[in-house]
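See structure below.
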Amino acid sequence: MSTLGRRARPPGVSLSTFLARAPEVEPPERAALLALAQALLTDVYVHRQQKQARYGIDPVQQLRVLRQRMQQLSTRQFHDELTSIFTALRDRHTGYLAPAPYAGRAAVLPFLVESCAGPGGKPRYVVSKLARWCRADPDFRPGVQLSHWNGMPMDRAVQRNAESQRGANDDARTARGLASLTTRSLGHGMPPDDDWVVVTYRAAGGFKEARFEWRVIDAGGQADENRPAVGSLIAHDPAGQTVQRARQQLYAPGRVADPWLETTKPSVFSARPLSARHGYLRIWSFADGDDDGVLAEACRLVSLLPPGGIVVDIRGNPGGNVPTAERLLQIFTAGQISPAGFSLADTDVTLAMSRADPHELGRWTHSLQAAVSTGEPYSQAFPLTLHEAANDLAAERRYPGPAALIVDPLTYSAADIFAAGFQDNDLGPVLGTARTTGAGGANVWTGAQIAERTGDLESWPALPSSGAAFTVAVRRATRVGGRAGLPLEDIGVAVDEVHEPTQADLTHGNRDLLRAAVRLLPR
């Protein structure tokens, strides 16, 4: 095993130190958590019937069994079992949010691993970035190929790790398994089982090994992580937001230089010319709830790009505010945008919620009442983004050239909705690094938001006192146009063409991927 000198002091604390300091979850708190989880999944969760049919699971019964066993378990065991019940749903909108000190923190290793196509189409696993505090070794650098992870071949290590991730389809699970090898949200999933990892990599003189310790860092947002960030129109992956903040903290450059354009929304956009004719717009997140400001900044940025065609890239985008996403679509067309529809599950509780909050949910009340007599499992679908808001741009503020969209299996939630809208409204071709997007199709609320609308229901469980919380998919998204009524959940957006990432993509700024996207632009 190589002896490596340090470049900089590692951030945060070791994983073992962090877990040793974590507080116990006492039986009364465990009971409160399980009671609320059962109520949410039974009476509010919009995908429950779909998940039970698709995956052959019964999460409500699993919660009942856990309640009988909870006093026999350690805090770590209870946390892991509760998390595993939600993991089996394969829905990153719906899950258990651990309280402090887990909330807002991420476990990280000092490098990133990505995959590209190798000989015969077999994946090759490559170190793509190093953190400043990564141990110094001239052989361990961006571009180096990994062969084993803790003694396990990389293919198997990725697949084993994918089993604990909430990917909605095979592509998404594999992508999540790879991404979480080096970065994990502690507030939304199980911590790593190992205190450190040993990687085997190909060096000039043969294979070498190096050991790296997991560190726990404050990724920001812990004060707000267990309550909604931007009202009730959210469609995002909370764990993905934490991971994205952690990676930006570790790997984002200190200063954006030419040819990148300066932007007032750096957490949302990056933009630059690709050539004298074509432009590039990267949308990192839709988490900014100022949809007017985001739309205005997007219009300004695209006006500075060449007019011959634009590549819009939403890879890894974990979602955010639905109107923020859907209102951007109008920039890339002279036609009218039809926003996605959203439906509630037909239950007594969702009907009571719609009556208690007519401003937010009143549009669904009549169809929920009718569903009782017709047996429909869902209400009628209505958009969260009003048609007028989705089509309020003047013609001169729209991009004049054709557009193509790039997605990947980590494109999720409001980013799924954006990709579906791009395709359903015929804005241009969709290029993917895999066959589909991440397949998250819902408006997500916290348990606290639901409690605000169920206050008159005497049987509704109280919120936990520890600060732990749940998120749940409340309104499912369905598509429009030629795919009208098709759900996004578990299916995602099927791309028009697949580009398998190359080594040059990982080490030279997505060079081949962007060339492939430009080739798809109409001439």
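Letters A, B, ... go to the chains of the structure tokens in the order shown; residues in each chain start at 1; ligands are counted from 1 in the same order.
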
Practice item. From the DSSP assignment of the backbone, select every residue of segment 313-518 of chain A that is strand (DSSP E or B), and format the answer as a ChimeraX atom specification. Key: /A:313,319-321,341-345,378,382,403-407,430-432,436,442-446,469-478,487,494,497-498

Okay, now the selection with N, CA and C atoms, as a compact mmCIF listing (two decimals), in the first residue's frame?
# COMPACT_ATOMS: atom_id res chain seq x y z
N ASP A 313 -28.01 21.79 -20.83
CA ASP A 313 -27.48 20.62 -20.11
C ASP A 313 -28.03 20.61 -18.68
N GLY A 319 -33.48 19.00 -9.22
CA GLY A 319 -34.83 19.56 -9.20
C GLY A 319 -34.93 20.83 -8.37
N GLY A 320 -36.14 21.12 -7.93
CA GLY A 320 -36.39 22.33 -7.16
C GLY A 320 -37.81 22.80 -7.31
N ASN A 321 -37.98 24.07 -7.66
CA ASN A 321 -39.29 24.69 -7.77
C ASN A 321 -39.88 24.40 -9.16
N GLY A 341 -49.28 17.98 -15.77
CA GLY A 341 -50.41 17.88 -14.85
C GLY A 341 -50.01 17.17 -13.57
N PHE A 342 -50.74 17.45 -12.48
CA PHE A 342 -50.43 16.85 -11.17
C PHE A 342 -51.73 16.37 -10.52
N SER A 343 -51.68 15.16 -9.94
CA SER A 343 -52.86 14.55 -9.32
C SER A 343 -52.56 14.13 -7.89
N LEU A 344 -53.60 14.15 -7.06
CA LEU A 344 -53.54 13.63 -5.69
C LEU A 344 -54.06 12.21 -5.65
N ALA A 345 -53.62 11.43 -4.67
CA ALA A 345 -54.23 10.13 -4.41
C ALA A 345 -55.63 10.34 -3.85
N TYR A 378 -56.84 8.24 -8.51
CA TYR A 378 -56.24 9.57 -8.51
C TYR A 378 -57.27 10.62 -8.87
N PHE A 382 -54.12 18.69 -12.72
CA PHE A 382 -54.05 20.13 -12.99
C PHE A 382 -52.59 20.56 -12.93
N ALA A 403 -32.63 24.15 -30.32
CA ALA A 403 -32.10 23.73 -29.02
C ALA A 403 -32.03 22.21 -28.95
N ALA A 404 -31.06 21.71 -28.20
CA ALA A 404 -30.95 20.30 -27.85
C ALA A 404 -30.72 20.21 -26.35
N LEU A 405 -31.20 19.13 -25.75
CA LEU A 405 -31.13 18.95 -24.30
C LEU A 405 -30.26 17.74 -23.96
N ILE A 406 -29.40 17.88 -22.94
CA ILE A 406 -28.60 16.77 -22.43
C ILE A 406 -29.11 16.39 -21.04
N VAL A 407 -29.33 15.10 -20.80
CA VAL A 407 -29.79 14.59 -19.51
C VAL A 407 -28.94 13.38 -19.13
N VAL A 430 -33.43 15.14 -27.43
CA VAL A 430 -32.92 14.90 -26.08
C VAL A 430 -31.81 13.86 -26.17
N LEU A 431 -30.62 14.25 -25.73
CA LEU A 431 -29.45 13.37 -25.71
C LEU A 431 -29.18 12.94 -24.27
N GLY A 432 -28.96 11.65 -24.04
CA GLY A 432 -28.71 11.17 -22.69
C GLY A 432 -27.43 10.38 -22.59
N THR A 436 -32.60 6.75 -19.96
CA THR A 436 -33.67 7.55 -19.37
C THR A 436 -33.11 8.51 -18.34
N ALA A 442 -43.09 13.89 -9.15
CA ALA A 442 -44.07 14.28 -8.12
C ALA A 442 -43.71 15.62 -7.52
N ASN A 443 -44.72 16.22 -6.91
CA ASN A 443 -44.57 17.38 -6.04
C ASN A 443 -44.39 16.86 -4.62
N VAL A 444 -43.29 17.25 -3.98
CA VAL A 444 -42.93 16.68 -2.68
C VAL A 444 -43.20 17.67 -1.56
N TRP A 445 -43.83 17.20 -0.47
CA TRP A 445 -44.08 18.00 0.72
C TRP A 445 -43.44 17.32 1.93
N THR A 446 -43.24 18.10 2.97
CA THR A 446 -42.78 17.55 4.24
C THR A 446 -43.98 17.17 5.10
N ALA A 469 -37.89 14.25 10.40
CA ALA A 469 -39.03 14.58 9.55
C ALA A 469 -39.14 13.57 8.42
N PHE A 470 -40.17 13.74 7.62
CA PHE A 470 -40.36 12.93 6.43
C PHE A 470 -40.71 13.84 5.27
N THR A 471 -40.33 13.41 4.09
CA THR A 471 -40.87 14.01 2.88
C THR A 471 -41.70 12.94 2.18
N VAL A 472 -42.70 13.38 1.42
CA VAL A 472 -43.58 12.43 0.76
C VAL A 472 -44.07 13.02 -0.56
N ALA A 473 -44.17 12.17 -1.57
CA ALA A 473 -44.72 12.58 -2.86
C ALA A 473 -46.23 12.74 -2.71
N VAL A 474 -46.73 13.95 -2.88
CA VAL A 474 -48.14 14.26 -2.65
C VAL A 474 -48.93 14.31 -3.95
N ARG A 475 -48.38 14.96 -4.96
CA ARG A 475 -49.07 15.09 -6.24
C ARG A 475 -48.18 14.51 -7.33
N ARG A 476 -48.69 13.51 -8.06
CA ARG A 476 -47.88 12.87 -9.09
C ARG A 476 -47.96 13.65 -10.39
N ALA A 477 -46.84 13.68 -11.11
CA ALA A 477 -46.75 14.40 -12.38
C ALA A 477 -47.08 13.47 -13.54
N THR A 478 -47.87 13.97 -14.47
CA THR A 478 -48.17 13.23 -15.69
C THR A 478 -47.88 14.12 -16.89
N PRO A 487 -47.35 8.66 -16.51
CA PRO A 487 -46.64 9.16 -15.32
C PRO A 487 -45.13 9.22 -15.55
N ALA A 494 -37.52 8.97 -21.81
CA ALA A 494 -36.67 8.19 -22.71
C ALA A 494 -36.00 9.12 -23.71
N GLU A 497 -31.40 9.86 -28.21
CA GLU A 497 -30.12 9.25 -28.59
C GLU A 497 -29.26 9.14 -27.33
N VAL A 498 -28.48 8.04 -27.23
CA VAL A 498 -27.60 7.81 -26.10
C VAL A 498 -26.15 8.08 -26.51

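Residues in contact range of segment 85-98 of chain A, defined as at most 7 Å between only C-alpha atoms, with sequence neighbours fewer than 6 positions away removed, read Lys51, Pro59, Gln62, Ser164, Gln165, Arg166, Gly167, Ala168, Gly187, His188, Asn226, His236, Asp237, Gly440, Val444, Ala468, Ala469, Phe470, Thr471, Val472 and Ala473 of chain A.
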
C-alpha atoms of the current selection, written as a PDB file, in the first residue's frame:
ATOM      1  CA  LYS A  51     -44.902   0.978  -5.911  1.00  0.00           C
ATOM      2  CA  PRO A  59     -44.122  -0.598   3.344  1.00  0.00           C
ATOM      3  CA  GLN A  62     -43.011  -3.299   7.277  1.00  0.00           C
ATOM      4  CA  SER A 164     -28.960   0.936  -0.983  1.00  0.00           C
ATOM      5  CA  GLN A 165     -29.795   3.850  -3.285  1.00  0.00           C
ATOM      6  CA  ARG A 166     -33.308   4.968  -4.228  1.00  0.00           C
ATOM      7  CA  GLY A 167     -32.940   4.906  -7.992  1.00  0.00           C
ATOM      8  CA  ALA A 168     -36.271   4.466  -9.797  1.00  0.00           C
ATOM      9  CA  GLY A 187     -29.595  13.198   6.616  1.00  0.00           C
ATOM     10  CA  HIS A 188     -31.286  11.100   3.934  1.00  0.00           C
ATOM     11  CA  ASN A 226     -36.200  19.279   7.237  1.00  0.00           C
ATOM     12  CA  HIS A 236     -36.668  17.952  -5.787  1.00  0.00           C
ATOM     13  CA  ASP A 237     -34.344  15.298  -4.437  1.00  0.00           C
ATOM     14  CA  GLY A 440     -38.897  11.217 -10.272  1.00  0.00           C
ATOM     15  CA  VAL A 444     -42.931  16.678  -2.678  1.00  0.00           C
ATOM     16  CA  ALA A 468     -36.610  14.339  12.445  1.00  0.00           C
ATOM     17  CA  ALA A 469     -39.032  14.579   9.546  1.00  0.00           C
ATOM     18  CA  PHE A 470     -40.363  12.925   6.431  1.00  0.00           C
ATOM     19  CA  THR A 471     -40.868  14.014   2.878  1.00  0.00           C
ATOM     20  CA  VAL A 472     -43.579  12.432   0.758  1.00  0.00           C
ATOM     21  CA  ALA A 473     -44.722  12.576  -2.861  1.00  0.00           C
TER      22      ALA A 473
END

Point to revise | Neighbour list for Ile217 of chain A as a PyMOL selection string, cut-off 6 Å, only C-alpha atoms, skip fewer than 3 positions in-chain | key: chain A and resi 12+105-106

Using only C-alpha atoms, I'd like a table of the residues in segment 239-357 of chain A that come within 10 Å of segment 391-402 of chain A; for each, show the closest atom pair and its distance in Å rounded to one decimal, ordered by chain and ascending number, as a Markdown table.
| residue | atom | partner | partner_atom | distance |
| --- | --- | --- | --- | --- |
| A:Arg277 | CA | A:Gly401 | CA | 9.8 |
| A:His278 | CA | A:Gly401 | CA | 9.0 |
| A:Gly279 | CA | A:Gly401 | CA | 9.9 |
| A:Leu295 | CA | A:Leu393 | CA | 9.2 |
| A:Ala296 | CA | A:Arg397 | CA | 9.0 |
| A:Ala298 | CA | A:Arg397 | CA | 9.7 |
| A:Cys299 | CA | A:Arg397 | CA | 6.0 |
| A:Arg300 | CA | A:Arg397 | CA | 8.2 |
| A:Leu301 | CA | A:Tyr399 | CA | 9.9 |
| A:Val302 | CA | A:Tyr399 | CA | 6.4 |
| A:Ser303 | CA | A:Tyr399 | CA | 6.9 |
| A:Leu305 | CA | A:Tyr399 | CA | 9.1 |
| A:Pro306 | CA | A:Gly401 | CA | 8.8 |
| A:Pro307 | CA | A:Gly401 | CA | 5.4 |
| A:Gly308 | CA | A:Gly401 | CA | 5.1 |
| A:Gly309 | CA | A:Gly401 | CA | 4.7 |
| A:Ile310 | CA | A:Pro402 | CA | 6.4 |
| A:Val311 | CA | A:Pro402 | CA | 8.8 |
| A:Glu326 | CA | A:Asn391 | CA | 9.7 |
| A:Arg327 | CA | A:Asn391 | CA | 7.3 |
| A:Leu328 | CA | A:Asn391 | CA | 9.5 |
| A:Leu329 | CA | A:Asn391 | CA | 8.9 |
| A:Gln330 | CA | A:Asn391 | CA | 6.2 |
| A:Ile331 | CA | A:Arg398 | CA | 4.4 |
| A:Phe332 | CA | A:Tyr399 | CA | 5.6 |
| A:Thr333 | CA | A:Arg398 | CA | 7.0 |
| A:Ala334 | CA | A:Ala395 | CA | 7.1 |
| A:Gly335 | CA | A:Asn391 | CA | 8.7 |
| A:Gln336 | CA | A:Asn391 | CA | 6.3 |
| A:Ile337 | CA | A:Asn391 | CA | 6.3 |
| A:Ser338 | CA | A:Asn391 | CA | 8.8 |
| A:Pro339 | CA | A:Asn391 | CA | 9.8 |

Review point. Where in segment 88-170 of chain A does DSSP assign helix (DSSP H, G or I), given as a ChimeraX atom specification?
Key: /A:119-121,154-162,170

Point to revise | Selection: 12 Å around Phe207 of chain A, only C-alpha atoms, excl. self and same-chain fewer than 3 positions, as an MDAnalysis selection string | key: chainID A and resid 1:2 139:140 144:148 199:204 210

Practice item. Considering only C-alpha atoms, state which residue in the set A:Pro259, A:Val312, A:Thr17, A:Leu178 is at the smallest distance from Arg282 of chain A. Key: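 Once distances to Arg282 of chain A are computed over only C-alpha atoms, the minimum belongs to A:Val312.
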
Practice item. Please identify all polymer residues within 10 Å of Arg483 of chain A, counting only C-alpha atoms, omitting same-chain residues fewer than 5 positions from it, and present them as a PyMOL selection string. Key: chain A and resi 420+423-424+478

Review point. Closest to Leu250 of chain A among A:Pro110, A:Pro238, A:Pro101, A:Pro123, using only C-alpha atoms?
Key: A:Pro110

**Study point:** Nearest to Val322 of chain A, chosen from A:Leu73, A:Val243, A:Ala235, A:Ala370, with only C-alpha atoms counted in the distances
**Key:** A:Ala235

Point to revise | Polymer residues at most 10 Å from Gly362 of chain A, only C-alpha atoms, same-chain spacing of 6 or more positions, as a list of chain:residue names | key: A:Leu351, A:Met353, A:Ser354, A:Arg355, A:Ala356

Exercise for review: Please indicate the distance in Å from atom CA of Asn317 of chain A to atom CA of Ala246 of chain A, rounded to one decimal place.
Suggested key: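 One can read the atom CA of Asn317 of chain A to atom CA of Ala246 of chain A distance as 14.1 Å.
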
Determine, counting only C-alpha atoms, which protein, DNA and RNA residues have an atom within 9 Å of an atom of Asp348 of chain A; residues of the same chain fewer than 5 positions away are not included. Present the result as a PDB file with N, CA and C atoms, in the first residue's frame.
ATOM      1  N   ASP A  43     -52.217   7.346   3.777  1.00  0.00           N
ATOM      2  CA  ASP A  43     -53.277   8.305   3.462  1.00  0.00           C
ATOM      3  C   ASP A  43     -52.879   9.441   2.528  1.00  0.00           C
ATOM      4  N   MET A 353     -57.669  17.555   3.217  1.00  0.00           N
ATOM      5  CA  MET A 353     -56.630  18.559   2.983  1.00  0.00           C
ATOM      6  C   MET A 353     -57.074  19.575   1.938  1.00  0.00           C
ATOM      7  N   LEU A 368     -61.715  14.781  -6.409  1.00  0.00           N
ATOM      8  CA  LEU A 368     -61.542  13.854  -5.290  1.00  0.00           C
ATOM      9  C   LEU A 368     -62.898  13.372  -4.775  1.00  0.00           C
ATOM     10  N   VAL A 372     -64.515   9.146  -5.201  1.00  0.00           N
ATOM     11  CA  VAL A 372     -65.060   8.247  -4.181  1.00  0.00           C
ATOM     12  C   VAL A 372     -66.110   7.324  -4.795  1.00  0.00           C
TER      13      VAL A 372
END

Find the nearest atom pair between each residue of segment 166-185 of chain A and segment 410-419 of chain A for residues within 8 Å, count only C-alpha atoms, give distances in Å to one decimal, sort rows by chain and ascending number, and present the table as JSON lines.
{"residue": "A:Ala172", "atom": "CA", "partner": "A:Leu410", "partner_atom": "CA", "distance": 6.4}
{"residue": "A:Ala175", "atom": "CA", "partner": "A:Leu410", "partner_atom": "CA", "distance": 6.7}
{"residue": "A:Arg176", "atom": "CA", "partner": "A:Leu410", "partner_atom": "CA", "distance": 7.2}

Review point. Smallest atom-to-atom distance to Ala276 of chain A: which of A:Leu304, A:Ala462, A:Val198, A:Leu36, using only C-alpha atoms?
Key: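 Closest candidate: A:Leu304.
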
Revision key, fill the gap. If you count only C-alpha atoms, the residue of A:Gln380, A:Gln449, A:Thr365, A:Thr385 closest to Gly485 of chain A turns out to be A:Gln380
